[in-house]
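Shown below: upload-v1.tsv, with TSV, C-alpha atoms and all ligand atoms.
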```tsv
chain	number	residue	atom	x	y	z
A	17	MET	CA	107.49	100.25	89.78
A	18	GLY	CA	104.32	98.29	90.43
A	19	ILE	CA	104.05	94.61	91.09
A	20	LYS	CA	107.59	93.78	89.92
A	21	LYS	CA	109.03	96.10	92.54
A	22	THR	CA	106.76	94.50	95.14
A	23	VAL	CA	107.89	90.94	94.44
A	24	ASN	CA	111.55	91.91	94.23
A	25	SER	CA	111.71	93.55	97.63
A	26	ALA	CA	111.06	92.05	101.07
A	27	ARG	CA	110.42	95.50	102.50
A	28	SER	CA	106.86	96.76	102.71
A	29	GLY	CA	105.13	99.99	103.76
A	30	TRP	CA	103.51	98.26	106.74
A	31	MET	CA	106.94	97.61	108.29
A	32	GLY	CA	107.36	101.36	109.03
A	33	ALA	CA	109.53	102.53	111.92
A	34	GLY	CA	108.42	104.05	115.24
A	35	ALA	CA	104.84	102.75	115.05
A	36	PRO	CA	102.52	102.95	118.10
A	37	GLU	CA	103.09	99.96	120.44
A	38	GLY	CA	105.53	98.68	117.81
A	39	ASP	CA	107.48	96.67	120.40
A	40	ILE	CA	104.62	94.14	120.50
A	41	VAL	CA	102.10	95.00	117.78
A	42	VAL	CA	103.78	94.32	114.45
A	43	SER	CA	100.84	95.40	112.29
A	44	SER	CA	97.14	96.26	112.19
A	45	ARG	CA	94.86	95.07	109.41
A	46	ILE	CA	91.36	96.01	108.39
A	47	ARG	CA	89.64	94.09	105.67
A	48	ILE	CA	86.20	94.67	104.27
A	49	ALA	CA	84.36	91.97	102.32
A	50	ARG	CA	82.02	93.12	99.54
A	51	ASN	CA	80.19	91.44	96.66
A	52	LEU	CA	78.66	92.67	93.45
A	53	HIS	CA	74.95	92.45	92.97
A	54	GLY	CA	73.99	90.21	90.01
A	55	TYR	CA	76.99	87.86	90.16
A	56	SER	CA	77.31	84.50	91.95
A	57	PHE	CA	79.83	84.33	94.76
A	58	PRO	CA	83.39	83.69	93.47
A	59	HIS	CA	83.50	79.91	94.03
A	60	LEU	CA	80.52	79.57	91.63
A	61	LEU	CA	81.79	81.95	88.96
A	62	ASP	CA	83.10	80.67	85.65
A	63	ARG	CA	86.20	82.31	84.20
A	64	GLU	CA	84.28	84.67	81.95
A	65	LYS	CA	82.12	86.02	84.77
A	66	ALA	CA	85.12	86.19	87.08
A	67	GLU	CA	86.88	88.34	84.49
A	68	GLN	CA	83.81	90.59	84.30
A	69	VAL	CA	84.05	91.15	88.06
A	70	ILE	CA	87.77	91.95	87.82
A	71	HIS	CA	87.09	94.36	84.97
A	72	ALA	CA	84.27	96.11	86.84
A	73	VAL	CA	86.49	96.60	89.90
A	74	GLN	CA	89.34	97.84	87.71
A	75	LEU	CA	87.08	100.43	86.08
A	76	ALA	CA	85.81	101.56	89.47
A	77	LEU	CA	89.38	101.99	90.71
A	78	GLU	CA	90.20	104.21	87.75
A	79	ASN	CA	87.51	106.69	88.75
A	80	GLY	CA	89.16	110.12	89.15
A	81	GLU	CA	87.52	110.93	92.48
A	82	LEU	CA	88.64	107.62	94.01
A	83	VAL	CA	92.19	108.02	92.69
A	84	LYS	CA	92.29	111.47	94.32
A	85	GLN	CA	91.13	110.01	97.66
A	86	ALA	CA	92.93	106.68	97.74
A	87	GLY	CA	95.76	106.89	95.21
A	88	ILE	CA	96.43	104.64	92.25
A	89	LEU	CA	95.63	100.96	92.72
A	90	GLU	CA	97.09	98.86	89.95
A	91	MET	CA	95.18	95.72	89.01
A	92	ASN	CA	97.26	92.54	88.64
A	93	ARG	CA	95.76	89.30	87.46
A	94	MET	CA	97.13	86.35	89.41
A	95	ALA	CA	97.65	84.41	86.16
A	96	GLU	CA	100.15	87.04	85.00
A	97	LEU	CA	102.43	86.28	87.94
A	98	SER	CA	104.64	83.22	88.37
A	99	PRO	CA	103.83	80.78	91.22
A	100	VAL	CA	106.86	82.10	93.13
A	101	GLU	CA	105.75	85.72	92.71
A	102	ARG	CA	102.25	84.85	93.88
A	103	GLN	CA	103.66	83.13	96.95
A	104	ILE	CA	105.83	86.18	97.74
A	105	LEU	CA	102.66	88.27	97.94
A	106	VAL	CA	101.41	85.84	100.62
A	107	GLU	CA	104.75	85.99	102.43
A	108	LYS	CA	104.48	89.79	102.46
A	109	HIS	CA	100.91	89.54	103.84
A	110	LEU	CA	99.54	91.45	100.83
A	111	ILE	CA	97.19	88.63	99.79
A	112	SER	CA	95.78	85.60	101.62
A	113	PRO	CA	96.70	82.01	100.65
A	114	ASN	CA	93.15	81.63	99.25
A	115	LEU	CA	94.11	83.83	96.28
A	116	LEU	CA	96.54	81.13	95.10
A	117	GLU	CA	93.75	78.61	94.50
A	118	GLU	CA	92.01	78.73	91.11
A	119	HIS	CA	94.25	81.71	90.48
A	120	GLU	CA	93.08	82.14	86.87
A	121	LYS	CA	89.90	83.70	88.25
A	122	LYS	CA	91.60	86.05	90.70
A	123	ALA	CA	93.40	89.35	90.86
A	124	VAL	CA	94.84	91.86	93.29
A	125	ALA	CA	94.88	95.63	93.03
A	126	LEU	CA	97.88	97.05	94.87
A	127	ARG	CA	98.91	100.52	95.87
A	128	ASP	CA	102.59	101.27	95.43
A	129	ASP	CA	103.27	101.73	99.16
A	130	GLU	CA	101.65	98.29	99.76
A	131	LEU	CA	99.46	99.66	102.56
A	132	VAL	CA	96.35	98.99	100.50
A	133	SER	CA	95.48	95.89	98.52
A	134	ILE	CA	92.17	94.75	97.11
A	135	MET	CA	91.81	91.04	96.45
A	136	VAL	CA	89.31	90.26	93.72
A	137	ASN	CA	87.40	86.96	93.64
A	138	GLU	CA	88.92	85.65	96.85
A	139	GLU	CA	86.12	84.22	99.03
A	140	ASP	CA	84.14	87.37	98.15
A	141	HIS	CA	84.31	89.52	95.02
A	142	LEU	CA	86.20	92.23	96.88
A	143	ARG	CA	88.38	92.04	99.95
A	144	ILE	CA	89.61	95.55	100.67
A	145	GLN	CA	92.67	95.39	102.92
A	146	CYS	CA	94.54	98.18	104.69
A	147	LEU	CA	97.66	97.18	106.56
A	148	LEU	CA	99.57	99.59	108.81
A	149	PRO	CA	102.56	99.22	111.14
A	150	GLY	CA	101.94	98.97	114.90
A	151	LEU	CA	98.57	99.49	116.56
A	152	GLN	CA	96.63	101.74	114.18
A	153	LEU	CA	93.27	100.09	113.71
A	154	GLU	CA	91.27	103.34	113.52
A	155	LYS	CA	93.55	104.78	110.88
A	156	ALA	CA	93.45	101.57	108.85
A	157	TRP	CA	89.65	101.60	109.17
A	158	GLU	CA	89.44	105.21	107.96
A	159	MET	CA	91.52	104.34	104.91
A	160	ALA	CA	89.50	101.23	104.09
A	161	ASP	CA	86.20	103.01	104.66
A	162	LYS	CA	87.13	105.82	102.26
A	163	ILE	CA	88.05	103.33	99.54
A	164	ASP	CA	84.88	101.34	100.14
A	165	ASP	CA	82.73	104.50	99.89
A	166	GLY	CA	84.53	105.52	96.71
A	167	LEU	CA	84.00	102.11	95.12
A	168	GLU	CA	80.35	102.00	96.14
A	169	LYS	CA	79.71	105.11	94.05
A	170	THR	CA	80.40	103.05	90.92
A	171	LEU	CA	79.85	99.45	91.95
A	172	ASP	CA	76.49	97.95	92.82
A	173	TYR	CA	77.16	96.06	96.07
A	174	ALA	CA	75.04	93.11	97.21
A	175	PHE	CA	73.25	94.48	100.28
A	176	SER	CA	70.22	93.48	102.30
A	177	SER	CA	68.43	95.85	104.64
A	178	LYS	CA	68.08	92.91	107.07
A	179	TYR	CA	71.57	91.36	106.95
A	180	GLY	CA	73.75	94.23	105.77
A	181	TYR	CA	76.47	93.48	103.20
A	182	LEU	CA	76.03	89.96	101.85
A	183	THR	CA	79.04	87.66	101.83
A	184	ALA	CA	79.89	84.12	100.68
A	185	CYS	CA	80.36	82.96	104.27
A	186	PRO	CA	77.58	84.06	106.66
A	187	THR	CA	80.12	84.82	109.40
A	188	ASN	CA	81.28	87.79	107.32
A	189	ALA	CA	77.84	89.24	106.59
A	190	GLY	CA	76.76	92.54	108.11
A	191	THR	CA	79.71	94.89	108.17
A	192	GLY	CA	81.98	92.48	106.28
A	193	LEU	CA	84.71	93.73	108.55
A	194	ARG	CA	87.61	91.81	110.00
A	195	ALA	CA	89.94	93.82	112.18
A	196	SER	CA	93.15	92.16	113.23
A	197	VAL	CA	96.45	92.77	114.92
A	198	MET	CA	99.63	90.77	114.51
A	199	LEU	CA	101.26	90.43	117.91
A	200	HIS	CA	104.72	89.31	118.93
A	201	LEU	CA	104.23	87.54	122.26
A	202	PRO	CA	107.49	85.80	123.23
A	203	GLY	CA	107.14	86.82	126.89
A	204	LEU	CA	103.84	85.01	127.36
A	205	VAL	CA	105.23	81.98	125.54
A	206	LEU	CA	108.35	81.86	127.73
A	207	VAL	CA	106.43	82.15	131.01
A	208	ASP	CA	104.08	79.46	129.71
A	209	GLN	CA	100.91	81.56	129.94
A	210	ILE	CA	100.11	81.81	126.26
A	211	ARG	CA	97.66	78.91	126.08
A	212	GLY	CA	95.53	80.20	128.98
A	213	VAL	CA	95.52	83.74	127.64
A	214	LEU	CA	94.55	82.69	124.11
A	215	ALA	CA	91.84	80.34	125.40
A	216	SER	CA	90.22	83.16	127.38
A	217	ILE	CA	90.34	85.46	124.36
A	218	SER	CA	88.43	83.00	122.19
A	219	LYS	CA	85.63	82.97	124.77
A	220	LEU	CA	85.25	86.73	124.22
A	221	GLY	CA	84.38	86.43	120.52
A	222	PHE	CA	87.90	86.84	119.16
A	223	THR	CA	89.95	84.35	117.27
A	224	VAL	CA	93.69	83.75	117.17
A	225	ARG	CA	95.26	82.63	113.92
A	226	GLY	CA	98.72	81.71	112.72
A	227	LEU	CA	101.15	83.72	110.64
A	228	TYR	CA	99.30	83.55	107.33
A	229	GLY	CA	95.75	83.65	108.69
A	230	GLU	CA	93.07	80.98	108.81
A	231	GLY	CA	94.36	77.41	109.05
A	232	THR	CA	98.05	78.37	109.32
A	233	GLU	CA	100.41	77.86	112.24
A	234	ALA	CA	101.91	80.45	114.56
A	235	LEU	CA	105.60	80.91	113.78
A	236	GLY	CA	108.16	83.08	115.53
A	237	ASN	CA	105.79	83.77	118.45
A	238	LEU	CA	103.58	85.82	116.11
A	239	PHE	CA	99.83	85.58	116.61
A	240	GLN	CA	97.01	87.22	114.69
A	241	LEU	CA	94.09	88.29	116.78
A	242	SER	CA	90.81	89.21	115.05
A	243	ASN	CA	87.05	89.50	115.57
A	244	GLN	CA	85.00	86.37	114.98
A	245	VAL	CA	81.62	87.85	114.12
A	246	THR	CA	80.73	90.81	111.93
A	247	LEU	CA	76.96	90.84	112.21
A	248	GLY	CA	75.14	92.82	114.90
A	249	HIS	CA	78.05	95.07	115.80
A	250	SER	CA	79.04	98.37	114.24
A	251	GLU	CA	82.49	98.82	112.75
A	252	GLU	CA	83.40	101.19	115.58
A	253	GLU	CA	82.34	98.62	118.20
A	254	ILE	CA	84.39	95.86	116.57
A	255	ILE	CA	87.48	98.07	116.42
A	256	SER	CA	87.04	99.42	119.90
A	257	SER	CA	86.69	95.95	121.45
A	258	LEU	CA	89.71	94.65	119.55
A	259	ASN	CA	91.67	97.69	120.74
A	260	SER	CA	90.66	97.00	124.29
A	261	ILE	CA	91.56	93.26	124.17
A	262	THR	CA	94.85	94.20	122.52
A	263	GLY	CA	95.53	96.68	125.33
A	264	GLN	CA	95.01	93.92	127.89
A	265	LEU	CA	97.29	91.56	125.99
A	266	LEU	CA	99.97	94.23	125.74
A	267	ALA	CA	99.82	94.65	129.51
A	268	ARG	CA	100.11	90.87	130.05
A	269	GLU	CA	103.02	90.58	127.64
A	270	ARG	CA	104.84	93.50	129.30
A	271	GLU	CA	104.28	91.93	132.73
A	272	ALA	CA	105.69	88.64	131.45
A	273	ARG	CA	108.75	90.41	130.03
A	274	LYS	CA	109.26	92.25	133.32
A	275	ALA	CA	109.00	89.00	135.30
A	276	LEU	CA	111.53	87.35	132.98
A	277	LEU	CA	113.94	90.25	133.47
A	278	GLN	CA	113.55	90.17	137.23
A	279	GLN	CA	113.58	86.42	137.77
A	280	ARG	CA	115.45	84.89	134.84
A	281	ARG	CA	117.57	87.71	133.47
A	282	GLU	CA	120.67	85.63	132.77
A	283	GLN	CA	118.73	82.79	131.15
A	284	LEU	CA	116.96	85.34	128.98
A	285	ALA	CA	120.20	87.12	128.06
A	286	ASP	CA	121.72	83.73	127.24
A	287	ARG	CA	118.82	82.80	124.99
A	288	VAL	CA	118.87	86.14	123.19
A	289	GLY	CA	122.66	86.10	122.88
A	290	ARG	CA	122.77	82.54	121.53
A	291	SER	CA	120.13	83.30	118.92
A	292	TYR	CA	121.91	86.49	117.91
A	293	GLY	CA	125.22	84.65	117.65
A	294	THR	CA	123.65	81.87	115.62
A	295	LEU	CA	122.03	84.31	113.20
A	296	MET	CA	125.32	86.21	112.83
A	297	HIS	CA	127.46	83.11	112.20
A	298	ALA	CA	125.46	80.09	111.05
A	299	HIS	CA	125.83	78.78	107.49
A	300	MET	CA	122.76	76.53	107.44
A	301	MET	CA	119.37	77.55	108.79
A	302	SER	CA	115.88	76.09	108.42
A	303	SER	CA	112.94	78.40	108.02
A	304	GLU	CA	111.52	77.35	111.40
A	305	GLU	CA	114.83	78.02	113.18
A	306	ALA	CA	115.16	81.40	111.49
A	307	MET	CA	111.74	82.51	112.69
A	308	ARG	CA	112.47	81.30	116.23
A	309	ARG	CA	115.87	83.00	116.41
A	310	ILE	CA	114.60	86.23	114.85
A	311	SER	CA	111.87	86.28	117.51
A	312	ASP	CA	114.50	85.93	120.28
A	313	VAL	CA	116.57	88.75	118.81
A	314	ARG	CA	113.50	90.95	118.45
A	315	LEU	CA	112.79	90.42	122.15
A	316	GLY	CA	116.43	91.29	122.88
A	317	VAL	CA	116.07	94.50	120.85
A	318	ASP	CA	112.83	95.45	122.64
A	319	LEU	CA	114.48	94.87	126.03
A	320	GLN	CA	117.59	96.80	124.94
A	321	MET	CA	119.80	93.77	125.38
A	322	ILE	CA	120.83	94.26	121.75
A	323	THR	CA	121.33	97.69	120.24
A	324	GLY	CA	121.72	98.94	116.70
A	325	ILE	CA	119.01	96.78	115.09
A	326	ALA	CA	115.56	98.21	114.33
A	327	PRO	CA	112.50	95.96	114.83
A	328	GLU	CA	111.35	96.65	111.26
A	329	GLN	CA	114.66	95.23	109.97
A	330	LEU	CA	113.77	91.99	111.71
A	331	THR	CA	110.26	92.00	110.23
A	332	GLU	CA	111.85	92.43	106.80
A	333	LEU	CA	114.25	89.60	107.58
A	334	MET	CA	111.31	87.33	108.31
A	335	VAL	CA	110.03	87.89	104.77
A	336	MET	CA	113.54	87.61	103.27
A	337	THR	CA	113.98	84.15	104.75
A	338	ARG	CA	110.68	82.66	103.54
A	339	PRO	CA	110.90	79.97	100.83
A	340	ALA	CA	109.42	81.85	97.84
A	341	TYR	CA	111.50	84.97	98.42
A	342	LEU	CA	114.64	82.79	98.50
A	343	LEU	CA	113.64	81.04	95.27
A	344	LYS	CA	113.12	84.41	93.59
A	345	GLN	CA	116.59	85.56	94.65
A	346	ALA	CA	118.14	82.31	93.43
A	347	GLN	CA	116.37	82.69	90.05
A	348	GLY	CA	115.99	78.92	89.83
A	349	ASP	CA	115.42	75.76	91.82
A	350	LEU	CA	117.10	75.21	95.17
A	351	SER	CA	117.54	71.94	97.03
A	352	PRO	CA	116.50	72.06	100.72
A	353	ALA	CA	120.19	72.23	101.73
A	354	GLN	CA	120.90	75.05	99.27
A	355	ARG	CA	117.88	76.90	100.59
A	356	ASP	CA	119.06	76.58	104.20
A	357	ASN	CA	122.50	77.81	103.15
A	358	MET	CA	121.12	80.75	101.22
A	359	ARG	CA	118.85	81.69	104.13
A	360	ALA	CA	121.78	81.72	106.55
A	361	ASN	CA	123.88	83.77	104.10
A	362	ILE	CA	121.13	86.36	103.68
A	363	ILE	CA	120.68	86.68	107.45
A	364	ARG	CA	124.42	87.07	108.07
A	365	SER	CA	124.83	89.70	105.43
A	366	LYS	CA	121.73	91.64	106.53
A	367	LEU	CA	122.78	91.67	110.20
A	368	ASN	CA	126.38	92.54	109.37
A	369	GLN	CA	125.26	95.47	107.20
A	370	ARG	CA	124.38	97.66	110.16
A	401	LIG	N1	97.45	92.09	111.52
A	401	LIG	C1	97.93	91.52	110.43
A	401	LIG	N2	99.14	91.85	109.95
A	401	LIG	C2	99.64	91.30	108.83
A	401	LIG	N3	98.98	90.40	108.11
A	401	LIG	C3	97.77	90.02	108.53
A	401	LIG	C4	97.19	90.54	109.71
A	401	LIG	N4	95.97	89.95	109.86
A	401	LIG	C5	95.82	89.12	108.83
A	401	LIG	N5	96.88	89.15	108.01
A	401	LIG	C6	97.08	88.42	106.76
A	401	LIG	O1	95.88	88.50	106.01
A	401	LIG	C7	95.64	87.27	105.32
A	401	LIG	C8	94.24	86.77	105.61
A	401	LIG	O2	94.12	86.45	106.97
A	401	LIG	P1	92.82	85.72	107.55
A	401	LIG	O3	92.62	84.42	106.86
A	401	LIG	O4	92.91	85.70	109.03
A	401	LIG	O5	91.74	86.79	107.22
A	401	LIG	P2	90.56	86.88	106.19
A	401	LIG	O6	90.94	86.25	104.89
A	401	LIG	O7	90.21	88.29	106.18
A	401	LIG	O8	89.48	86.05	106.95
A	401	LIG	P3	88.30	85.06	106.53
A	401	LIG	O9	88.40	84.72	105.08
A	401	LIG	O10	88.48	83.88	107.39
A	401	LIG	O11	87.10	85.83	106.88
A	401	LIG	C9	96.75	86.34	105.73
A	401	LIG	O12	97.75	86.33	104.73
A	401	LIG	C10	97.30	86.96	106.99
A	401	LIG	O13	98.67	86.72	107.16
```

Can you present the structure in this file as structure tokens?
Ligand SMILES: Nc1ncnc2c1ncn2[C@@H]1O[C@H](COP(=O)(O)OP(=O)(O)OP(=O)(O)O)[C@@H](O)[C@H]1O
Amino acid sequence: MGIKKTVNSARSGWMGAGAPEGDIVVSSRIRIARNLHGYSFPHLLDREKAEQVIHAVQLALENGELVKQAGILEMNRMAELSPVERQILVEKHLISPNLLEEHEKKAVALRDDELVSIMVNEEDHLRIQCLLPGLQLEKAWEMADKIDDGLEKTLDYAFSSKYGYLTACPTNAGTGLRASVMLHLPGLVLVDQIRGVLASISKLGFTVRGLYGEGTEALGNLFQLSNQVTLGHSEEEIISSLNSITGQLLAREREARKALLQQRREQLADRVGRSYGTLMHAHMMSSEEAMRRISDVRLGVDLQMITGIAPEQLTELMVMTRPAYLLKQAQGDLSPAQRDNMRANIIRSKLNQR
């Protein structure tokens, strides 16, 4: 159990089946940024102080009341994990890439179902994250809020009556809340409307990020949409406006899919079929090609052009084909060609299992 199970399996609690709007919304994430009063922000902490912060959070998590409310969160120091294991946590979206830098000062507390993780000494002392399948921002918020309240009973948070919760980057001050949804938008990409749609969203105070968050690229037609500002809006307002923008995007994506079915059905079926065939039979596959083909097949599954595959199997496959997960399975180094071969083998065997 614990972290070893997490890094040995590509499956995660947030890939659950039958989630609301699960044909387009892969997952919903709430993260709350908090800092401890009396300590410098993480980038200024030396190792000893950083360890004190980790220890304080660990003690707070062991509090009986909090365990009853939120379950057991096991603290894992980043230094106790191998570089490959750390990278797998990023590939599973349980930590952000930031936690890999200066990792000797950082830690993550994880719940066994992987729906809750608390990053310690990331950009802020605490980053409480709740990740759920489909569109479930309110539920994720309720979970995060409960944990935050529980922790605040023991920890002395840095708070100002003027600015709210204080954070290392001013854009996170106030509520410290980032709400985000990971969306699969192949329809809007195929009808060539994605750029316009994303540009208009950024004018409304939302930001679109790539697959692993800030500074990363969008792969497999997956986009992460989140609020830009946390100050001056309540948590409920932030979540409600993200829900409403997401609703509009869902409508646009569904329209695009409908138009593709009506106007380019055979081209679409050909694209989906070719990608499915390639995934089922190829022996060499780059990571970029895998993401692209998995996205096509996911669209085919959503449009019932392909039956017998569940969307969450494809989400799992995305993690299974990422570089660190492959290295872990190989238990040693892989050349780029060996990696491409192993990736193709894993995909074939996973898709042929059904
Ligand atoms: N809806 C989502 N589903 C799955 N993973 C997500 C989602 N939103 C964000 N993530 C993951 O969370 C991590 C952090 O993302 P991001 O950098 O956007 O947020 P952040 O660290 O909270 O923001 P910042 O530090 O810029 O305030 C990344 O690994 C990203 O993949």

Give one line per residue of chain A that approaches ligand LIG 401 (chain A) to at most 9 Å, naming the two atoms of the closest pair and their distance in Å to one decimal, counting all atoms listed in the file; sort by chain then ascending residue number and deliver it as a tab-separated table.
```
residue	atom	partner	partner_atom	distance
A:Trp30	CA	A:LIG401	C2	8.2
A:Val41	CA	A:LIG401	N1	8.3
A:Val42	CA	A:LIG401	N2	6.9
A:Ser43	CA	A:LIG401	N2	4.6
A:Ser44	CA	A:LIG401	N1	4.2
A:Arg45	CA	A:LIG401	N1	4.5
A:Ile46	CA	A:LIG401	N4	7.8
A:Arg47	CA	A:LIG401	O7	5.9
A:Ile48	CA	A:LIG401	O7	7.8
A:Ala49	CA	A:LIG401	O7	7.9
A:Leu105	CA	A:LIG401	O12	8.6
A:Val106	CA	A:LIG401	O12	5.5
A:Glu107	CA	A:LIG401	O12	7.4
A:Lys108	CA	A:LIG401	O12	7.9
A:His109	CA	A:LIG401	O12	4.6
A:Leu110	CA	A:LIG401	O12	6.7
A:Ile111	CA	A:LIG401	O12	5.5
A:Ser112	CA	A:LIG401	O12	3.8
A:Pro113	CA	A:LIG401	O12	6.0
A:Asn114	CA	A:LIG401	O6	7.6
A:Glu138	CA	A:LIG401	O9	8.3
A:Glu139	CA	A:LIG401	O9	6.5
A:Asp140	CA	A:LIG401	O9	8.6
A:Arg143	CA	A:LIG401	O7	7.5
A:Gln145	CA	A:LIG401	O7	8.2
A:Leu147	CA	A:LIG401	N2	6.5
A:Leu148	CA	A:LIG401	N2	7.8
A:Pro149	CA	A:LIG401	N2	8.2
A:Gly150	CA	A:LIG401	N1	8.9
A:Cys185	CA	A:LIG401	O11	7.8
A:Thr187	CA	A:LIG401	O11	7.5
A:Asn188	CA	A:LIG401	O11	6.2
A:Gly192	CA	A:LIG401	O11	8.4
A:Leu193	CA	A:LIG401	O7	8.1
A:Arg194	CA	A:LIG401	O7	5.8
A:Ala195	CA	A:LIG401	N4	7.5
A:Ser196	CA	A:LIG401	N1	4.6
A:Val197	CA	A:LIG401	N1	3.6
A:Met198	CA	A:LIG401	N1	3.9
A:Leu199	CA	A:LIG401	N1	7.6
A:Thr223	CA	A:LIG401	O4	8.9
A:Val224	CA	A:LIG401	O4	8.4
A:Arg225	CA	A:LIG401	O4	6.2
A:Gly226	CA	A:LIG401	O13	7.5
A:Leu227	CA	A:LIG401	O13	5.2
A:Tyr228	CA	A:LIG401	O13	3.2
A:Gly229	CA	A:LIG401	O4	3.5
A:Glu230	CA	A:LIG401	O3	4.0
A:Gly231	CA	A:LIG401	O3	7.5
A:Thr232	CA	A:LIG401	O3	8.5
A:Phe239	CA	A:LIG401	N1	8.6
A:Gln240	CA	A:LIG401	N4	5.6
A:Leu241	CA	A:LIG401	N1	7.3
A:Ser242	CA	A:LIG401	O4	7.3
A:Gln244	CA	A:LIG401	O11	8.4
```

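With only C-alpha atoms as the atoms that count, the residue of A:Thr183, A:Asn237, A:Gln279, A:Thr22 with the shortest distance to Leu204 of chain A is A:Asn237.
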
Q.
What's around segment 262-266 of chain A at 8 Å? Count only C-alpha atoms, leave out sequence neighbours fewer than 4 positions away in its own chain, and write the answer as number ranges by chain.
A. A: 40, 197, 258, 270

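The two atoms in question, atom CA of Gly293 of chain A and atom CA of Ala33 of chain A, are spaced 24.5 Å apart.
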
Q. What does the distance between atom CA of Glu233 of chain A and atom CA of Val335 of chain A come to in Å, to one decimal place?
A. 15.8 Å

Q: Determine, counting all atoms listed in the file, which protein, DNA and RNA residues have an atom within 10 Å of an atom of Glu305 of chain A; residues of the same chain fewer than 6 positions away are not included. Present the result as JSON, numbers by chain.
A: {"A": [235, 236, 291, 294, 295, 311]}

Go ahead and save the residues from that selection, with C-alpha atoms, as a compact mmCIF listing (two decimals), keeping the file's coordinate frame.
```
# COMPACT_ATOMS: atom_id res chain seq x y z
CA LEU A 235 105.60 80.91 113.78
CA GLY A 236 108.16 83.08 115.53
CA SER A 291 120.13 83.30 118.92
CA THR A 294 123.65 81.87 115.62
CA LEU A 295 122.03 84.31 113.20
CA SER A 311 111.87 86.28 117.51
```

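Counting from atom CA of Ile88 of chain A, the distance to atom CA of Val136 of chain A is 16.1 Å.
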
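Residue nearest Tyr55 of chain A, chosen from A:Cys146, A:Ala184, A:Val205, A:Leu367 and counting only C-alpha atoms: A:Ala184.
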
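Distances here use only C-alpha atoms; by that measure, the residue among A:Gly166, A:Gly87, A:Pro339, A:Gly203 closest to Leu319 of chain A is A:Gly203.
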
Q) Which residue, A:His71, A:Arg308, A:Lys178, A:His299, has the smallest gap to Asn357 of chain A when you use all atoms listed in the file? A) A:His299

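Counting only C-alpha atoms and comparing A:Leu142, A:Ile217, A:Leu206, A:Lys366, the residue that lies closest to His297 of chain A is A:Lys366.
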
Is there a way to get, as a CSV table (one decimal) with C-alpha atoms, keeping the file's coordinate frame, all residues within 10 Å of the point (114.6, 84.7, 94.9) in file coordinates, counting all atoms listed in the file?
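The result, stored in part00.csv:
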```csv
chain,number,residue,atom,x,y,z
A,23,VAL,CA,107.9,90.9,94.4
A,24,ASN,CA,111.6,91.9,94.2
A,25,SER,CA,111.7,93.6,97.6
A,100,VAL,CA,106.9,82.1,93.1
A,101,GLU,CA,105.8,85.7,92.7
A,104,ILE,CA,105.8,86.2,97.7
A,336,MET,CA,113.5,87.6,103.3
A,337,THR,CA,114.0,84.2,104.8
A,338,ARG,CA,110.7,82.7,103.5
A,339,PRO,CA,110.9,80.0,100.8
A,340,ALA,CA,109.4,81.8,97.8
A,341,TYR,CA,111.5,85.0,98.4
A,342,LEU,CA,114.6,82.8,98.5
A,343,LEU,CA,113.6,81.0,95.3
A,344,LYS,CA,113.1,84.4,93.6
A,345,GLN,CA,116.6,85.6,94.6
A,346,ALA,CA,118.1,82.3,93.4
A,347,GLN,CA,116.4,82.7,90.0
A,348,GLY,CA,116.0,78.9,89.8
A,349,ASP,CA,115.4,75.8,91.8
A,350,LEU,CA,117.1,75.2,95.2
A,358,MET,CA,121.1,80.8,101.2
```

Q: Name the closest residue to Leu153 of chain A among the candidates A:Tyr181, A:Ser260, A:Val69, A:Asp208; distances are taken between atoms, counting only C-alpha atoms.
A: A:Ser260

Around segment 281-290 of chain A, fit a box with edges along x, y and z, padding it by 8 Å on each side, then list its centre and edge lengths in Å to one decimal as AutoDock Vina command-line options.
```
--center_x 119.9 --center_y 85.1 --center_z 127.5 --size_x 21.8 --size_y 21.2 --size_z 27.9
```

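Proximity to Asn368 of chain A at 12 Å, evaluated using only C-alpha atoms and with sequence-adjacent residues fewer than 2 positions away removed, yields Tyr292, Gly293, Leu295, Met296, His297, Gly324, Ile325, Asn361, Ile362, Ile363, Arg364, Ser365, Lys366 and Arg370 of chain A.
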
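All residues of protein, DNA or RNA that reach within 7 Å of Thr191 of chain A, judged by only C-alpha atoms and not counting those fewer than 2 positions away in the chain, are Gly180, Tyr181, Ala189, Leu193, Thr246, Leu247 and Glu251 of chain A.
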
Go ahead and save the residues from that selection, with C-alpha atoms, as a compact mmCIF listing (two decimals), keeping the file's coordinate frame.
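That gives us part23.txt:
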```txt
# COMPACT_ATOMS: atom_id res chain seq x y z
CA GLY A 180 73.75 94.23 105.77
CA TYR A 181 76.47 93.48 103.20
CA ALA A 189 77.84 89.24 106.59
CA LEU A 193 84.71 93.73 108.55
CA THR A 246 80.73 90.81 111.93
CA LEU A 247 76.96 90.84 112.21
CA GLU A 251 82.49 98.82 112.75
```
